[in-house]
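Novice: Pasting model.txt here (compact mmCIF, C-alpha atoms):
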```txt
# COMPACT_ATOMS: atom_id res chain seq x y z
CA VAL A 220 -69.13 37.44 114.93
CA PRO A 221 -66.21 39.32 116.55
CA ASP A 222 -66.74 43.08 116.75
CA GLN A 223 -66.59 44.62 113.27
CA ASP A 224 -67.76 48.17 113.95
CA GLY A 225 -65.55 49.08 116.93
CA ASP A 226 -68.34 49.38 119.51
CA GLY A 227 -66.84 46.67 121.71
CA ALA A 228 -69.74 44.25 121.23
CA PRO A 229 -69.94 41.16 119.01
CA ASP A 230 -71.98 41.49 115.84
CA LEU A 231 -74.53 39.16 114.30
CA LEU A 232 -74.55 37.36 110.94
CA VAL A 233 -78.05 36.42 109.80
CA SER A 234 -79.64 35.38 106.51
CA SER A 235 -82.89 35.49 104.59
CA VAL A 236 -82.69 32.25 102.63
CA LEU A 237 -85.85 32.80 100.59
CA SER A 238 -84.41 36.05 99.22
CA SER A 239 -80.81 34.72 99.05
CA GLU A 240 -79.38 37.49 101.21
CA ALA A 241 -77.21 37.65 104.34
CA TYR A 242 -76.54 40.57 106.67
CA LEU A 243 -73.87 41.48 109.20
CA ILE A 244 -75.73 43.47 111.86
CA THR A 245 -74.44 45.45 114.83
CA THR A 246 -75.71 44.37 118.24
CA ALA A 247 -75.25 47.84 119.72
CA ASP A 248 -78.34 49.63 121.01
CA THR A 249 -79.28 51.79 118.02
CA GLY A 250 -82.94 52.35 118.78
CA ASP A 251 -85.54 50.83 116.51
CA ALA A 252 -84.26 47.87 114.52
CA PRO A 253 -84.41 48.40 110.75
CA ASP A 254 -87.15 46.58 108.88
CA THR A 255 -86.19 44.00 106.28
CA ASP A 256 -86.51 46.47 103.40
CA ALA A 257 -83.90 48.72 105.04
CA LEU A 258 -81.44 45.96 105.93
CA PRO A 259 -79.28 46.09 102.78
CA THR A 260 -78.27 49.68 103.63
CA ALA A 261 -78.57 49.57 107.44
CA ALA A 262 -76.43 46.44 107.87
CA LEU A 263 -72.68 46.63 108.43
CA ALA A 264 -72.29 44.30 105.47
CA TYR A 265 -74.76 42.96 102.94
CA TYR A 266 -74.15 39.75 100.95
CA TRP A 267 -76.36 38.65 98.07
CA ASP A 268 -76.58 36.25 95.17
CA GLU A 269 -77.12 37.41 91.60
CA ALA A 270 -78.84 34.07 90.89
CA GLY A 271 -81.83 35.22 92.94
CA PRO A 272 -83.89 33.54 95.65
CA THR A 273 -83.85 30.06 94.11
CA SER A 274 -80.21 29.48 95.15
CA HIS A 275 -81.03 29.55 98.89
CA PHE A 276 -77.89 31.59 99.48
CA GLY A 277 -77.48 31.89 103.24
CA HIS A 278 -78.56 28.37 104.15
CA GLY A 279 -75.24 27.90 105.94
CA PHE A 280 -72.36 30.16 106.90
CA GLY A 281 -69.22 30.37 109.00
CA VAL A 282 -66.71 32.99 110.12
CA GLY A 283 -62.99 32.92 110.88
CA ASP A 284 -59.61 34.22 109.78
CA THR A 285 -58.47 31.96 106.94
CA ASP A 286 -55.44 33.98 105.83
CA GLY A 287 -53.92 35.18 109.10
CA ASP A 288 -54.36 38.92 108.53
CA GLY A 289 -56.31 39.38 111.75
CA LEU A 290 -59.54 40.19 109.90
CA VAL A 291 -62.75 38.18 109.94
CA ASP A 292 -63.58 36.25 106.75
CA VAL A 293 -67.13 35.12 105.99
CA ALA A 294 -68.23 31.96 104.13
CA VAL A 295 -71.83 31.75 102.88
CA GLY A 296 -73.40 28.66 101.30
CA ALA A 297 -76.06 28.44 98.59
CA SER A 298 -77.47 24.93 98.73
CA GLU A 299 -80.15 24.49 96.07
CA ASP A 300 -79.66 26.90 93.14
CA GLY A 301 -83.06 26.34 91.59
CA GLU A 302 -83.16 22.54 91.93
CA THR A 303 -85.09 22.07 95.15
CA LEU A 304 -83.95 19.09 97.23
CA THR A 305 -82.38 17.16 94.36
CA VAL A 306 -78.94 15.75 93.65
CA ASP A 307 -78.79 18.12 90.67
CA ALA A 308 -78.81 21.25 92.82
CA ASN A 309 -75.58 23.08 92.02
CA GLY A 310 -74.67 24.20 95.52
CA TYR A 311 -71.66 26.39 96.20
CA VAL A 312 -69.83 28.21 98.98
CA SER A 313 -68.66 31.82 98.64
CA LEU A 314 -65.75 33.14 100.73
CA PHE A 315 -65.52 36.87 101.42
CA LEU A 316 -62.17 37.92 102.90
CA GLY A 317 -62.02 40.75 105.43
CA PRO A 318 -62.46 43.57 106.05
CA GLN A 319 -66.22 43.12 106.00
CA GLY A 320 -68.48 45.95 104.91
CA GLY A 321 -70.61 47.30 102.14
CA SER A 322 -72.51 45.29 99.55
CA ARG A 323 -70.88 42.16 98.15
CA SER A 324 -72.39 39.66 95.73
CA VAL A 325 -71.27 36.14 94.89
CA GLY A 326 -69.50 37.69 91.91
CA ASP A 327 -67.40 39.73 94.36
CA ALA A 328 -66.36 36.69 96.42
CA ASP A 329 -62.62 36.08 96.84
CA ALA A 330 -63.15 32.34 96.39
CA VAL A 331 -66.10 30.15 95.37
CA ILE A 332 -66.21 26.38 95.91
CA ARG A 333 -68.44 24.72 93.33
CA ALA A 334 -69.67 21.19 92.75
CA PRO A 335 -69.56 19.49 89.34
CA GLU A 336 -72.48 20.60 87.18
CA GLY A 337 -75.56 18.62 88.12
CA ARG A 338 -73.73 16.59 90.77
CA SER A 339 -73.78 18.81 93.82
CA GLY A 340 -75.71 16.61 96.22
CA LEU A 341 -76.76 19.83 98.01
CA LEU A 342 -73.25 21.16 98.63
CA SER A 343 -73.31 23.69 101.50
CA ALA A 344 -76.11 21.90 103.34
CA GLY A 345 -73.71 22.63 106.18
CA VAL A 346 -70.95 25.27 106.27
CA ASP A 347 -68.63 26.32 109.10
CA MET A 348 -65.07 27.43 109.82
CA GLY A 349 -62.63 26.51 112.59
CA ASP A 350 -58.94 25.85 113.20
CA LEU A 351 -58.80 22.07 112.79
CA ASP A 352 -55.00 21.74 112.61
CA ASP A 353 -53.95 24.29 115.27
CA ASP A 354 -51.93 26.45 112.87
CA GLY A 355 -53.72 29.68 113.77
CA LEU A 356 -55.73 29.81 110.54
CA ALA A 357 -59.42 29.01 110.16
CA ASP A 358 -60.27 26.07 107.90
CA LEU A 359 -63.44 25.80 105.83
CA VAL A 360 -65.79 22.81 106.10
CA ALA A 361 -68.79 22.16 103.85
CA SER A 362 -71.09 19.17 103.40
CA ALA A 363 -73.24 17.58 100.68
CA PRO A 364 -75.54 14.90 102.16
CA LEU A 365 -76.92 13.74 98.78
CA TRP A 366 -73.49 13.19 97.24
CA ASP A 367 -73.07 9.77 95.60
CA SER A 368 -69.60 8.75 94.44
CA ASP A 369 -70.74 6.30 91.75
CA ASP A 370 -73.36 8.63 90.25
CA ASP A 371 -76.24 6.15 90.33
CA TRP A 372 -78.01 8.27 92.97
CA THR A 373 -79.62 5.21 94.51
CA TRP A 374 -77.71 5.52 97.78
CA PHE A 375 -76.19 8.63 99.27
CA ASP A 376 -72.57 8.26 100.40
CA GLY A 377 -72.49 11.86 101.59
CA PHE A 378 -69.60 14.30 101.54
CA VAL A 379 -67.84 16.50 104.07
CA GLY A 380 -64.97 18.50 102.58
CA ILE A 381 -62.20 20.31 104.45
CA TRP A 382 -60.22 23.12 102.86
CA TYR A 383 -57.31 24.06 105.13
CA GLY A 384 -56.49 27.77 105.36
CA PRO A 385 -55.24 29.75 103.63
CA LEU A 386 -57.56 29.01 100.70
CA ASP A 387 -56.60 29.68 97.12
CA GLY A 388 -58.62 32.42 95.45
CA GLY A 389 -60.93 32.13 92.48
CA GLU A 390 -63.00 29.11 91.52
CA LEU A 391 -62.32 25.98 93.58
CA ALA A 392 -63.71 22.53 92.81
CA MET A 393 -65.60 20.50 95.38
CA GLU A 394 -63.52 17.42 94.59
CA GLU A 395 -60.29 19.36 95.27
CA ALA A 396 -60.92 19.51 99.02
CA ASP A 397 -57.81 18.77 101.08
CA VAL A 398 -59.70 16.12 103.03
CA VAL A 399 -62.93 14.34 102.08
CA ILE A 400 -65.02 12.49 104.66
CA THR A 401 -67.40 10.07 102.94
CA GLY A 402 -68.99 6.68 103.45
CA ASP A 403 -70.86 3.82 101.84
CA GLY A 404 -74.44 4.89 101.30
CA GLU A 405 -75.54 1.28 100.80
CA ALA A 406 -74.56 0.47 104.38
CA SER A 407 -77.17 1.23 107.02
CA ASP A 408 -74.76 3.54 108.84
CA GLY A 409 -72.65 4.74 105.91
CA GLY A 410 -73.96 8.19 104.98
CA VAL A 411 -72.62 11.51 106.21
CA GLY A 412 -73.13 15.22 105.68
CA GLY A 413 -75.67 17.69 106.96
CA GLU A 414 -75.44 20.49 109.49
CA ILE A 415 -71.80 21.26 110.28
CA HIS A 416 -70.25 22.64 113.48
CA ALA A 417 -66.49 23.14 113.26
CA ASP A 418 -65.74 26.08 115.53
CA HIS A 419 -65.65 24.34 118.92
CA ASP A 420 -62.95 22.37 120.72
CA LEU A 421 -64.94 19.49 122.21
CA ASP A 422 -62.08 17.44 123.66
CA GLY A 423 -60.06 20.24 125.24
CA ASP A 424 -56.87 19.83 123.21
CA GLY A 425 -56.94 23.34 121.74
CA THR A 426 -57.95 22.18 118.25
CA ALA A 427 -61.41 22.60 116.74
CA ASP A 428 -63.45 19.47 116.01
CA ILE A 429 -66.23 18.64 113.50
CA LEU A 430 -69.77 17.64 114.47
CA THR A 431 -71.85 16.66 111.44
CA GLY A 432 -75.32 15.30 110.95
CA THR A 433 -76.83 13.16 108.19
CA GLY A 434 -79.32 14.71 105.79
CA TYR A 435 -80.61 18.10 104.74
CA LEU A 436 -83.16 20.16 106.62
CA ALA A 437 -84.46 23.52 105.45
CA VAL A 438 -86.82 25.51 107.68
CA TYR A 439 -88.67 28.50 106.24
CA GLY A 440 -90.90 30.15 108.80
CA GLY A 441 -93.55 27.60 109.66
CA ALA A 442 -92.62 25.21 106.85
CA ALA A 443 -89.78 22.69 106.58
CA SER A 444 -88.41 20.36 103.94
CA SER A 445 -85.84 17.61 104.24
CA ALA A 446 -83.90 15.09 102.15
CA GLY A 447 -81.20 12.51 102.75
CA GLY A 448 -80.36 8.91 103.36
CA ASP A 449 -81.49 6.65 106.16
CA GLY A 450 -78.15 6.58 108.02
CA GLY A 451 -79.58 8.53 110.92
CA ARG A 452 -76.37 9.28 112.84
CA ALA A 453 -74.45 12.33 113.98
CA ARG A 454 -70.69 12.00 114.06
CA LEU A 455 -67.80 13.71 115.78
CA PHE A 456 -64.41 13.92 114.07
CA LEU A 457 -61.66 15.29 116.30
CA GLY A 458 -59.39 17.79 114.60
CA SER A 459 -56.34 16.02 116.03
CA SER A 460 -57.43 12.79 114.29
CA LEU A 461 -57.86 14.27 110.82
CA PRO A 462 -55.13 13.98 108.17
CA ARG A 463 -53.81 16.92 106.16
CA SER A 464 -54.94 15.30 102.92
CA GLY A 465 -56.78 12.25 101.63
CA THR A 466 -60.07 10.49 102.34
CA VAL A 467 -61.54 9.59 105.72
CA ASP A 468 -64.19 6.88 106.03
CA THR A 469 -67.37 7.84 107.81
CA LEU A 470 -66.97 4.87 110.15
CA ALA A 471 -63.66 6.30 111.40
CA ALA A 472 -65.54 8.95 113.40
CA ASP A 473 -64.23 9.40 116.94
CA MET A 474 -67.78 9.34 118.30
CA THR A 475 -71.17 8.39 116.83
CA PHE A 476 -74.54 9.51 118.19
CA ASP A 477 -77.71 7.64 117.22
CA ASP A 478 -81.19 6.82 118.45
CA ASP A 479 -81.45 3.11 119.25
CA ASP A 480 -85.09 3.32 120.22
CA LEU A 481 -86.55 4.93 117.12
CA GLU A 482 -86.26 4.57 113.36
CA PRO A 483 -82.98 6.04 112.09
CA SER A 484 -84.61 7.63 109.04
CA GLY A 485 -84.60 11.38 109.54
CA PHE A 486 -82.45 11.32 112.67
CA ALA A 487 -79.51 13.74 112.88
CA PHE A 488 -81.08 16.14 110.38
CA GLN A 489 -80.52 18.65 113.19
CA THR A 490 -77.35 18.96 115.30
CA SER A 491 -76.03 21.51 117.75
CA ILE A 492 -73.38 22.05 120.42
CA VAL A 493 -75.03 23.16 123.66
CA GLY A 494 -72.10 23.31 126.11
CA ASP A 495 -71.98 21.88 129.63
CA THR A 496 -75.59 21.95 130.82
CA ASP A 497 -75.13 20.01 134.06
CA GLY A 498 -71.81 21.43 135.28
CA ASP A 499 -69.89 18.16 135.24
CA GLY A 500 -67.14 19.52 133.00
CA ILE A 501 -68.23 17.44 129.98
CA LEU A 502 -69.65 19.18 126.91
CA GLU A 503 -72.90 18.04 125.37
CA VAL A 504 -74.32 18.00 121.85
CA THR A 505 -77.79 17.42 120.49
CA ALA A 506 -78.98 15.49 117.45
CA GLY A 507 -82.56 15.20 116.36
CA TYR A 508 -85.29 14.92 113.81
CA GLY A 509 -86.82 17.52 111.55
CA ASN A 510 -89.98 17.40 113.67
CA GLY A 511 -88.25 19.12 116.59
CA LEU A 512 -87.46 16.02 118.72
CA ASN A 513 -83.83 16.28 119.84
CA LEU A 514 -81.71 14.03 122.05
CA LEU A 515 -78.90 15.23 124.32
CA PHE A 516 -75.56 13.37 124.27
CA GLU A 517 -72.43 13.80 126.36
CA VAL A 518 -69.13 13.99 124.50
CA ALA A 519 -66.94 11.31 126.11
CA PRO A 520 -64.39 12.86 128.46
CA TYR A 521 -60.95 12.94 126.91
CA PRO A 522 -57.70 13.11 128.86
```
As a first step, turn the structure in this file into structure tokens.
Specialist:
Amino acid sequence: VPDQDGDGAPDLLVSSVLSSEAYLITTADTGDAPDTDALPTAALAYYWDEAGPTSHFGHGFGVGDTDGDGLVDVAVGASEDGETLTVDANGYVSLFLGPQGGSRSVGDADAVIRAPEGRSGLLSAGVDMGDLDDDGLADLVASAPLWDSDDDWTWFDGFVGIWYGPLDGGELAMEEADVVITGDGEASDGGVGGEIHADHDLDGDGTADILTGTGYLAVYGGAASSAGGDGGRARLFLGSSLPRSGTVDTLAADMTFDDDDLEPSGFAFQTSIVGDTDGDGILEVTAGYGNGLNLLFEVAPYP
């Protein structure tokens, strides 16, 4: 996170999902680090959910300036809300406009994106922010891998929503996203939604792009749980290819990453952007399974 306390060093946004809390922490050398009991008061900013630990507030988050005031805004997702790994989990994303500081609950959020009651599909399985349309404002991206458009919950079409900045305040509906990326869950490669990365320009055109996985993975210490369809693909959507409104089919992705040698079920539950590891000028991403096996892919060089 860009420097929030004026010490010249970036700061760190971390979360404790099992207690539904998130903390903005200075990275300056301040001696002994505070223990977890002291974090709410020692942190630069403390975010929490009145719903309690069952919401898994802090599962995903992103930072950026959505309103152009030069201050950092923070988005924090709560993915499960008491309904562990089910389509009924009423996930939501809370947006806290800058300046950041003090204690702020979900009730204090400047905007909250909510799914229809009982039809979340694990909204906020992935959350991030980036400037996808090169207008100088950060845009918010959130995913729901268990979303099913026809409500029969047999197949998961998946959902990735884009809300272009500036966002309206108050309560926002999941289905009111400016752009929805979704697929056909009945097709072997149709699902979408999972971890989201939207703060990197992967093709060098100055516009942020979206890397998304397929499925939901939650890791709590030494334990992990997962849910999702069998699509087993990570996808890259270039910001320059995305419309300002409407629906984008999953199969319209600019690049698709899969594992031809292994079963697709469970693949792309984890994704990350790792940079240029071999110095050839081409960025690389990883996609992998919940068991820790990850594959490295080059993003095709773009002119």
Novice: What does the structure give for the distance between CA of Phe276 in chain A and CA of Asp226 in chain A, in Å to one decimal?
Specialist: 28.4 Å
Novice: Determine, counting all atoms listed in the file, which protein, DNA and RNA residues have an atom within 12 Å of an atom of range 510-518 of chain A; residues of the same chain fewer than 3 positions away are not included. Present the result as a VMD selection string.
Specialist: chain A and resid 420 to 423 428 430 436 to 438 441 to 445 452 to 457 473 to 481 485 to 507 521
Novice: Residues near range 315-329 of chain A, anyone? I mean within 8 Å using all atoms listed in the file, not counting same-chain ones fewer than 2 positions away, as a list in words.
Specialist: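 Everything that qualifies: Gln223, Pro259, Leu263, Ala264, Tyr265, Tyr266, Trp267, Asp268, Glu269, Leu290, Val291, Asp292, Val293, Ala294, Ser313, Val331, Gly388 and Gly389 of chain A.
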Novice: So what do you get for CA of Asp353 in chain A versus CA of Gly227 in chain A, distance-wise?
Specialist: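 Interatomic distance, CA of Asp353 in chain A to CA of Gly227 in chain A: 26.6 Å.
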Novice: Pick out the residues sitting within 8 Å of Leu232 in chain A, and hand them over as a VMD selection string; count all atoms listed in the file, and ignore anything fewer than 4 positions along from it in its own chain.
Specialist: chain A and resid 220 241 to 244
Novice: Contacts of range 459-470 of chain A at 6 Å or less, counting only C-alpha atoms, minus same-chain residues fewer than 3 places along, as a list in words?
Specialist: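 Counting only the stated atoms, we get Asp397, Val398, Val399, Ile400, Thr401 and Gly402 of chain A.
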Novice: If we count all atoms listed in the file and set the cut-off at 9 Å, which residues sit around Pro335 in chain A, ignoring sequence neighbours fewer than 4 positions away in its own chain? Please answer as a PyMOL selection string.
Specialist: chain A and resi 309+339+392-394
Novice: Save the residues we just selected, C-alpha atoms, as a PDB file, in the coordinates of the input?
Specialist:
```pdb
ATOM      1  CA  ASN A 309     -75.580  23.080  92.020  1.00  0.00           C
ATOM      2  CA  SER A 339     -73.780  18.810  93.820  1.00  0.00           C
ATOM      3  CA  ALA A 392     -63.710  22.530  92.810  1.00  0.00           C
ATOM      4  CA  MET A 393     -65.600  20.500  95.380  1.00  0.00           C
ATOM      5  CA  GLU A 394     -63.520  17.420  94.590  1.00  0.00           C
TER       6      GLU A 394
END
```
Novice: Could you tell me how far CA of Ala417 in chain A sits from CA of Gly458 in chain A, in Å to one decimal place?
Specialist: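 CA of Gly458 in chain A sits 9.0 Å away from CA of Ala417 in chain A.
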Novice: For each of A:Leu359, A:Glu336, A:Asp284, A:Asp352, take the minimum atom-to-atom distance to Gly296 in chain A, counting only C-alpha atoms, then give the residue where this is smallest.
Specialist: A:Leu359
